[in-house]
4 protein chains.
Amino acid sequence: MRALVYHGPGTMAWEEVAKPKLLADTDAIVRVDAVTICGTDLHILKGDVPAVTDGRILGHEAVGTVEEIGTSVRNVQVGDKVLVSCITACGSCRFCREGRYGQCLGGGGWILGHTIDGTQAEYVRVPFADTSTYPAPAGVADEDLLMLADILPTGYEVGVLNGNFRPGDVVAVVGAGPIGLSAIMGARLFSPSHIVAIDKADLRLDAAKMFGADVTVNNDREDPMEVIAALTGGLGADVAIEAVGVPATFELATQLIRPGGRVANIGVHGEPATLHLETLWIKDVTITTGLVDTSSTPTLLKLAIGHQVEPSRFVTHHFTLDQFVEAYDVFGRAADTGALKVVLTRS
Amino acid sequence: MRALVYHGPGTMAWEEVAKPKLLADTDAIVRVDAVTICGTDLHILKGDVPAVTDGRILGHEAVGTVEEIGTSVRNVQVGDKVLVSCITACGSCRFCREGRYGQCLGGGGWILGHTIDGTQAEYVRVPFADTSTYPAPAGVADEDLLMLADILPTGYEVGVLNGNFRPGDVVAVVGAGPIGLSAIMGARLFSPSHIVAIDKADLRLDAAKMFGADVTVNNDREDPMEVIAALTGGLGADVAIEAVGVPATFELATQLIRPGGRVANIGVHGEPATLHLETLWIKDVTITTGLVDTSSTPTLLKLAIGHQVEPSRFVTHHFTLDQFVEAYDVFGRAADTGALKVVLTRS
Amino acid sequence: MRALVYHGPGTMAWEEVAKPKLLADTDAIVRVDAVTICGTDLHILKGDVPAVTDGRILGHEAVGTVEEIGTSVRNVQVGDKVLVSCITACGSCRFCREGRYGQCLGGGGWILGHTIDGTQAEYVRVPFADTSTYPAPAGVADEDLLMLADILPTGYEVGVLNGNFRPGDVVAVVGAGPIGLSAIMGARLFSPSHIVAIDKADLRLDAAKMFGADVTVNNDREDPMEVIAALTGGLGADVAIEAVGVPATFELATQLIRPGGRVANIGVHGEPATLHLETLWIKDVTITTGLVDTSSTPTLLKLAIGHQVEPSRFVTHHFTLDQFVEAYDVFGRAADTGALKVVLTRS
Amino acid sequence: MRALVYHGPGTMAWEEVAKPKLLADTDAIVRVDAVTICGTDLHILKGDVPAVTDGRILGHEAVGTVEEIGTSVRNVQVGDKVLVSCITACGSCRFCREGRYGQCLGGGGWILGHTIDGTQAEYVRVPFADTSTYPAPAGVADEDLLMLADILPTGYEVGVLNGNFRPGDVVAVVGAGPIGLSAIMGARLFSPSHIVAIDKADLRLDAAKMFGADVTVNNDREDPMEVIAALTGGLGADVAIEAVGVPATFELATQLIRPGGRVANIGVHGEPATLHLETLWIKDVTITTGLVDTSSTPTLLKLAIGHQVEPSRFVTHHFTLDQFVEAYDVFGRAADTGALKVVLTRS
């Protein structure tokens with residue numbers, strides 16, 4: 001088969017490799033019908049994720065068709081259309097038993113396209129298939145379902161649920177890239193009075209408006225503190241969701257919130273941030289971090305069926321699998337191409 | 001009357017001042033029967049709290065007898081023995097309605113001995129007496145009750161309740177001064193499997209043992225990471241309570257916790273800390289800060305009556321009011337004197 | 001002034017009475033600008049509420065203008081337009097401190113038009129005005145604001161918040177009278193996948209559709225168990241909200257829910273129901289009851305300003321104050337008149 | 001091998017049967033080292049549980065040694081000492097993913113000694129061994145561990161955790177049989193101010209004292225309403241735990257609680273109860289029911305190791321496996337024999 005193989009920083013190729021085989025009786029082999037590229041894949045390509053080594057097939061998101069299952073797989077059958085989640089769950093360790101699959105101690109967690117071969121290929125081996133794949137419901141297109149592999153649960157779980165807000169609250173979302181947009185889409189489910197999107201790129205702020213932001217702030221030109229203060233009687237936002245992953249945006253998020261407020265960090269950070277405890281110690285704040293668990297997948301499936309979340313809004317570009325290198329290029333130059341998520345399908 | 005008056009950094013005196021008068025119909029004038037000194041008072045004396053200006057009577061904790069009440073005070077009567085809480089609550093602003101009295105927007109919060117004259121005096125004016133004083137229950141000695149003015153609710157609310165742990169959990173308490181000890185006393189109410197006290201002073205660790213720590217770690221000599229790892233199968237503590245207020249202890253607290261764990265910061269910080277988001281972003285951590293609300297006062301009263309918390313353990317030294325300068329000296333040299341809390345009573 | 005006075009079962013009159021005066025320094029006298037009639041008032045008229053005695057002015061919902069305030073009232077001023085909440089809160093008892101104002105131990109709770117004279121009058125005395133009235137925000141019409149006095153917070157707090165559901169859940173609302181409609185309006189704020197309204201009157205089911213029900217069931221003709229089963233893979237509803245107040249509807253609600261589901265009872269019951277513990281003991285169910293606290297008023301105000309709840313949908317009929325007897329008649333014959341809420345204003 | 005076999009109402013025998021074999025690759029065969037009898041087994045014997053048919057081996061609690069495992073079992077090995085939980089969990093259905101194992105949709109739930117052969121035998125087949133057995137920790141005796149198979153998690157989960165109380169609360173436990181005692185033992189972990197045990201048998205009330213009840217009430221002679229009122233200023237208990245399973249005790253539990261209080265039903269009920277909604281609708285009460293999930297097993301293991309729960313207190317009588325009929329007799333006549341839990345071990 002062919003797959004997108006990483007060959008060290010800056011190098012990858014769509015090349016011929018051996019088709020995966022069942023290694024454990026809990027495995028499934030899935031034929032990839034639709035696959036996407038994540039911002040994390042770009043980090044890997046730059047060499048920022050040393051656990052990914054030469055020869056690794058990338059990718060941790062897919063929709064596919066089950067080709068073969070191990071002898072103890074019960075929940076999916078050969079021929080089933082399934083969502084392959086970015087998180088693999090052993091299903092029986094202490095963290096899986098709490099629904100904290102991202103922290104799986106039994107051999108799961110984020111492993112696809114990271115410590116084992118991933119989904120950017122014609123076929124992929126999915127460990128612990130019973131607890132790591134989800135049967136596709138009728139009436140959801142492959143590419144919509146694909147958005148539930150990572151981006152939608154990440155925004156919803158790590159941003160919205162951790163933000164733990166109530167109807168009527170004011171929610172600031174710092175960063176309006178795909179993850180910030182996902183948080184905005186998810187936040188609307190809880191009826192905040194205002195979602196304020198903050199970014200330095202007008203194009204992304206336009207997208208934020210389309211995804212449901214009530215107010216947009218270009219913080220190259222406007223002071224988000226003033227905007228939030230005006231909306232909240234000077235108190236600050238009830239919740240700030242960090243969706244970039246650099247110190248400045250995290251620190252901004254901690255400034256934007258009211259006494260008793262929450263900061264939900266989604267961003268993947270490469271360096272430490274400064275926590276201004278000299279002002280925050282007295283403010284009753286709560287700060288959360290998190291890796292997605294995809295424990296919300298069943299919920300998001302129901303919401304997608306009912307069009308209460310609209311995954312298709314993320315899909316800006318389409319390719320076939322053999323155009324993977326071109327797809328990476330378009331996704332990697334999102335500022336120019338306007339790419340949010342690209343979808344690659346079997347030709 | 002006489003009172004302990006602040007006269008700028010390093011200067012204070014027990015001196016004659018005017019007796020306080022009712023200023024609002026929600027005020028009470030309380031004769032001080034027992035009063036204590038807080039670590040915060042030491043910070044004020046050093047000049048670290050610029051809101052406190054020359055001429056201010058210090059102190060925010062007292063047990064006393066109501067001398068006079070404003071016309072609209074309903075919950076306490078002249079002659080009642082009352083606890084004067086460190087937090088004043090207007091009772092009707094949005095934060096008071098949530099029990100978040102420390103963040104009161106209606107003129108309360110921490111004001112005694114801060115922005116208005118305090119309790120280290122023969123008499124004190126207490127605003128919003130209905131919601132800022134608590135009638136003394138029968139059978140609780142003044143000095144025990146006095147520990148409910150600040151130190152016990154601080155450890156319980158900001159440390160234990162924010163830490164939100166379950167029976168069987170492992171709780172690390174970083175810092176075994178009075179606040180850390182209060183957190184240890186409160187933590188026992190939820191039956192953790194192990195309370196691990198961490199400090200650099202053996203004297204404080206001895207106290208921690210007496211207050212209920214199961215394990216003590218002198219982190220000049222031992223690595224707390226190793227101790228916690230040994231207790232938790234390498235995962236880390238379920239909760240770490242920061243009870244010092246410097247960057248190093250906060251950063252240690254963030255290192256000690258397991259994936260999915262919590263850091264409850266109690267410490268009063270004067271400078272920023274480094275938040276290692278490059279490792280924490282993926283660990284599902286929750287970090288809380290807080291000023292005490294004293295919303296737990298009714299609970300702690302019941303627990304004190306039942307000896308489920310033992311406030312008297314904090315009281316190491318006794319003085320009369322006219323010995324205030326000496327009491328400050330003993331409390332200020334706690335490392336030498338072993339002082340936890342000092343109590344001053346009317347002679 | 002004139003007022004609607006109860007004179008024993010079946011008898012009331014719009015008659016001349018003495019204008020109310022301040023009795024406590026926490027009182028306000030409010031000129032009634034808009035007032036409505038509650039289903040509870042009909043019960044009183046039938047003689048079902050013995051605490052209401054001859055001579056009582058009825059009514060517990062109003063929007064008005066402050067005419068006079070007691071000396072300790074701080075939060076509202078003479079001339080302010082205010083919402084008079086159906087629940088009076090002393091603000092300092094243990095239940096008020098928890099936001100459980102409906103259970104106030106300090107002289108509040110549901111008292112207006114019950115144990116003291118109410119709002120169906122030209123003027124009303126409001127005790128504990130600081131914590132029992134809410135300043136009207138700009139841009140909300142009197143009659144919209146009036147819906148926040150009782151019906152909207154009742155549906156939201158006792159139905160929706162007690163129901164404690166998540167986006168994507170299936171919510172059954174048993175009873176589509178005004179309270180059921182309020183629960184439906186509130187439920188939409190949390191994005192359930194399906195709101196199923198169940199009633200025996202097609203007119204009310206039509207209203208339910210307009211208020212946001214996704215599915216309606218006339219349980220004279222259809223089996224709600226089957227409808228719910230079809231939507232939930234046979235498991236049952238995540239939450240059932242009881243909004244009638246008779247044994248049969250309560251028992252239906254307990255049958256409709258899935259294992260682990262919740263029943264939130266809003267209905268005012270006059271007789272016991274049968275609780276089928278022989279089947280429910282093993283089903284992990286949670287059943288809640290409650291009197292409204294109106295603690296959600298600030299939230300609902302924000303949602304009304306943003307048109308996320310639309311109070312005007314409830315208002316079907318308009319009258320002037322001197323038409324009170326006619327208004328009662330129209331409201332009392334809701335099945336014929338289609339009345340949801342009637343509004344009476346000063347002429 | 002030999003096993004305790006049910007042969008229709010009133011009939012059972014310790015007799016020779018075929019040794020169980022692996023049927024699925026997720027099964028384990030466990031040699032039974034210690035086993036007990038549950039009150040439910042007595043109900044089965046009376047014929048109250050029609051799902052149990054002639055020929056069924058009874059019993060759903062055991063500690064044993066793994067003899068053989070299916071090919072996909074990963075978490076336990078041959079030779080391991082394990083706790084066999086009363087609840088079997090498939091580990092991947094929607095309820096197992098929420099930790100609600102008692103409601104397992106994938107073939108688990110309460111099946112041992114119910115719909116498949118159970119533990120009152122020399123060997124037992126345990127389905128889904130990875131998620132239905134727990135490795136025995138060092139230092140916990142077999143018979144102590146055995147108490148974690150059912151009785152301890154039942155009291156803790158269905159009574160204490162569902163009761164959701166805070167330190168300082170007043171907890172009423174209605175019924176002081178083994179399940180009530182388990183709830184008392186678990187309740188102490190959260191430091192209530194008073195645990196009030198209510199029963200009609202003085203012997204059981206004596207046991208309640210030993211297990212940690214602060215107050216005991218024989219409700220043949222005393223009015224529990226008065227006792228609770230005296231402890232709570234007339235308000236009622238914060239939580240009432242029902243631990244009998246008949247209408248009268250459930251109804252008493254609903255009367256004992258304060259406004260805003262909770263009733264946690266543990267009892268197994270055979271007939272409906274009356275729910276006095278005519279008084280409860282306005283009281284803000286929460287009522288829960290539940291089957292044990294044994295999701296607290298890891299927590300209880302830690303607490304047992306630390307002697308924070310003391311399972312050995314339940315064990316009143318010891319037998320060998322071949323004395324099963326005698327053991328049933330002693331356990332069945334608990335009122336005479338004082339039996340709480342009997343333990344049978346291999347001879």
# chains A, B, ... in the order shown; residues from 1 in each chain; ligands from 1
$ closest_atom_pairs --of "stretch 205-308 of chain B" --to "stretch 41-60 of chain B" --cutoff "12 Å" --atoms "only C-alpha atoms" --output "CSV"
residue,atom,partner,partner_atom,distance
B:Val268,CA,B:His43,CA,10.0
B:His269,CA,B:Asp48,CA,11.0
B:Gly270,CA,B:Asp48,CA,8.6
B:Glu271,CA,B:Asp48,CA,11.7
$ select_by_dssp --residues "stretch 154-187 of chain A" --states "alpha helix (DSSP H)" --output "list of chain:residue names"
A:Asn162, A:Gly163, A:Pro178, A:Ile179, A:Gly180, A:Leu181, A:Ser182, A:Ala183, A:Ile184, A:Met185, A:Gly186, A:Ala187
$ closest_atom_pairs --of "chain A" --to "chain C" --cutoff "6 Å" --atoms "only C-alpha atoms" --output "Markdown table"
| residue | atom | partner | partner_atom | distance |
| --- | --- | --- | --- | --- |
| A:Gly168 | CA | C:Thr299 | CA | 5.5 |
| A:Leu189 | CA | C:Ser191 | CA | 5.3 |
| A:Phe190 | CA | C:Phe190 | CA | 4.9 |
| A:Ser191 | CA | C:Leu189 | CA | 5.3 |
| A:Thr299 | CA | C:Gly168 | CA | 5.5 |
| A:Lys302 | CA | C:Gly168 | CA | 5.7 |
| A:Leu303 | CA | C:Gly168 | CA | 5.5 |
$ write_last_selection --atoms "C-alpha atoms" --output "compact mmCIF listing (two decimals), in the first residue's frame"
# COMPACT_ATOMS: atom_id res chain seq x y z
CA GLY A 168 -25.57 33.92 29.80
CA LEU A 189 -24.16 24.70 22.73
CA PHE A 190 -24.28 26.25 26.20
CA SER A 191 -25.79 29.60 25.15
CA THR A 299 -22.39 13.22 22.26
CA LYS A 302 -25.73 13.00 18.17
CA LEU A 303 -25.16 16.72 17.75
$ residues_around --residues "B:Ile151" --least-positions-apart "2" --cutoff "10 Å" --atoms "only C-alpha atoms" --output "list in words"
Cys38, Gly39, Glu61, Cys86, Leu146, Met147, Leu148, Ala149, Pro153, Thr154, Gly155, Tyr156, Pro178, Ile179, Gly180, Leu181, Ser182, Ala183, Val292, Thr294, Pro311, Phe314 and Lys341 of chain B
$ residues_around --residues "stretch 200-203 of chain A" --least-positions-apart "5" --cutoff "10 Å" --atoms "only C-alpha atoms" --output "PyMOL selection string"
chain A and resi 174-177+208+216-222+335-336+338
$ residues_around --residues "C:Gly234" --least-positions-apart "2" --cutoff "12 Å" --atoms "only C-alpha atoms" --output "PyMOL selection string"
(chain C and resi 225-232+236-238+256-259) or (chain D and resi 105)
$ residues_around --residues "C:Met210" --least-positions-apart "5" --cutoff "10 Å" --atoms "only C-alpha atoms" --output "list in words"
Leu181, Ile184, Met185, Arg204, Leu205 and Arg313 of chain C
$ select_by_dssp --residues "stretch 151-315 of chain B" --states "strand (DSSP E or B)" --output "ChimeraX atom specification"
/B:170-174,194-199,215-218,237-242,257-265,273-275,286-288,315
$ write_last_selection --atoms "N, CA and C atoms" --output "compact mmCIF listing (two decimals), in the first residue's frame"
# COMPACT_ATOMS: atom_id res chain seq x y z
N VAL B 170 -4.07 10.70 47.58
CA VAL B 170 -2.81 11.15 48.16
C VAL B 170 -2.72 12.67 47.99
N VAL B 171 -2.54 13.35 49.12
CA VAL B 171 -2.54 14.81 49.13
C VAL B 171 -1.16 15.29 49.58
N ALA B 172 -0.52 16.11 48.75
CA ALA B 172 0.75 16.73 49.14
C ALA B 172 0.48 18.15 49.62
N VAL B 173 1.04 18.50 50.76
CA VAL B 173 0.90 19.87 51.26
C VAL B 173 2.30 20.48 51.28
N VAL B 174 2.51 21.48 50.44
CA VAL B 174 3.83 22.09 50.33
C VAL B 174 3.88 23.30 51.25
N HIS B 194 -3.06 9.24 52.18
CA HIS B 194 -1.81 9.80 52.71
C HIS B 194 -1.81 11.31 52.54
N ILE B 195 -1.48 12.00 53.63
CA ILE B 195 -1.16 13.42 53.56
C ILE B 195 0.35 13.52 53.69
N VAL B 196 0.98 14.09 52.68
CA VAL B 196 2.43 14.22 52.67
C VAL B 196 2.78 15.69 52.89
N ALA B 197 3.41 16.00 54.01
CA ALA B 197 3.80 17.38 54.30
C ALA B 197 5.24 17.60 53.86
N ILE B 198 5.48 18.71 53.17
CA ILE B 198 6.80 19.00 52.62
C ILE B 198 7.24 20.37 53.13
N ASP B 199 8.40 20.43 53.75
CA ASP B 199 8.91 21.69 54.26
C ASP B 199 10.43 21.53 54.43
N VAL B 215 3.04 11.38 56.25
CA VAL B 215 4.41 11.30 55.76
C VAL B 215 4.95 12.72 55.77
N THR B 216 6.21 12.89 56.21
CA THR B 216 6.82 14.22 56.12
C THR B 216 8.08 14.13 55.29
N VAL B 217 8.35 15.19 54.55
CA VAL B 217 9.52 15.23 53.66
C VAL B 217 10.24 16.55 53.89
N ASN B 218 11.49 16.48 54.31
CA ASN B 218 12.31 17.68 54.37
C ASN B 218 12.99 17.82 53.01
N ALA B 237 0.85 12.85 42.97
CA ALA B 237 -0.20 13.10 43.96
C ALA B 237 -1.52 13.45 43.27
N ASP B 238 -2.61 13.09 43.90
CA ASP B 238 -3.93 13.48 43.38
C ASP B 238 -4.11 14.99 43.50
N VAL B 239 -3.63 15.54 44.58
CA VAL B 239 -3.78 16.97 44.84
C VAL B 239 -2.52 17.47 45.51
N ALA B 240 -2.07 18.66 45.13
CA ALA B 240 -1.00 19.35 45.87
C ALA B 240 -1.53 20.70 46.31
N ILE B 241 -1.34 20.98 47.59
CA ILE B 241 -1.79 22.25 48.17
C ILE B 241 -0.56 23.10 48.42
N GLU B 242 -0.52 24.28 47.81
CA GLU B 242 0.61 25.20 47.98
C GLU B 242 0.29 26.12 49.14
N ILE B 257 1.98 16.58 40.97
CA ILE B 257 0.66 15.98 40.75
C ILE B 257 0.64 15.03 39.55
N ARG B 258 -0.30 14.13 39.64
CA ARG B 258 -0.50 13.12 38.59
C ARG B 258 -1.26 13.73 37.41
N PRO B 259 -1.28 13.04 36.28
CA PRO B 259 -2.21 13.43 35.22
C PRO B 259 -3.64 13.49 35.78
N GLY B 260 -4.31 14.56 35.49
CA GLY B 260 -5.66 14.72 36.03
C GLY B 260 -5.69 15.29 37.44
N GLY B 261 -4.52 15.63 37.99
CA GLY B 261 -4.46 16.12 39.36
C GLY B 261 -4.76 17.61 39.48
N ARG B 262 -4.76 18.07 40.72
CA ARG B 262 -5.11 19.46 41.01
C ARG B 262 -4.06 20.11 41.90
N VAL B 263 -3.81 21.39 41.64
CA VAL B 263 -2.99 22.21 42.52
C VAL B 263 -3.89 23.28 43.11
N ALA B 264 -4.00 23.31 44.42
CA ALA B 264 -4.78 24.35 45.09
C ALA B 264 -3.81 25.32 45.74
N ASN B 265 -3.71 26.50 45.19
CA ASN B 265 -2.78 27.48 45.73
C ASN B 265 -3.45 28.26 46.86
N ALA B 273 5.18 33.30 39.06
CA ALA B 273 5.82 31.99 39.01
C ALA B 273 5.90 31.56 37.54
N THR B 274 6.71 30.57 37.31
CA THR B 274 6.79 29.99 35.97
C THR B 274 5.84 28.82 35.89
N LEU B 275 5.00 28.83 34.87
CA LEU B 275 4.08 27.71 34.68
C LEU B 275 4.60 26.88 33.51
N THR B 286 -5.56 20.88 36.87
CA THR B 286 -6.40 21.99 37.29
C THR B 286 -5.65 22.75 38.38
N ILE B 287 -5.56 24.04 38.22
CA ILE B 287 -4.87 24.89 39.19
C ILE B 287 -5.88 25.93 39.68
N THR B 288 -5.98 26.04 41.00
CA THR B 288 -6.91 27.03 41.55
C THR B 288 -6.17 28.01 42.45
N VAL B 315 -2.89 27.28 68.92
CA VAL B 315 -2.58 28.36 69.86
C VAL B 315 -1.36 28.00 70.69
$ closest_residue --among "B:Thr297, B:Thr320, B:Gln103, B:Thr133" --to "A:Lys283" --atoms "only C-alpha atoms"
B:Gln103
$ atom_distance --atom1 "atom CA of D:Glu251" --atom2 "atom CA of C:Phe95"
24.5 Å
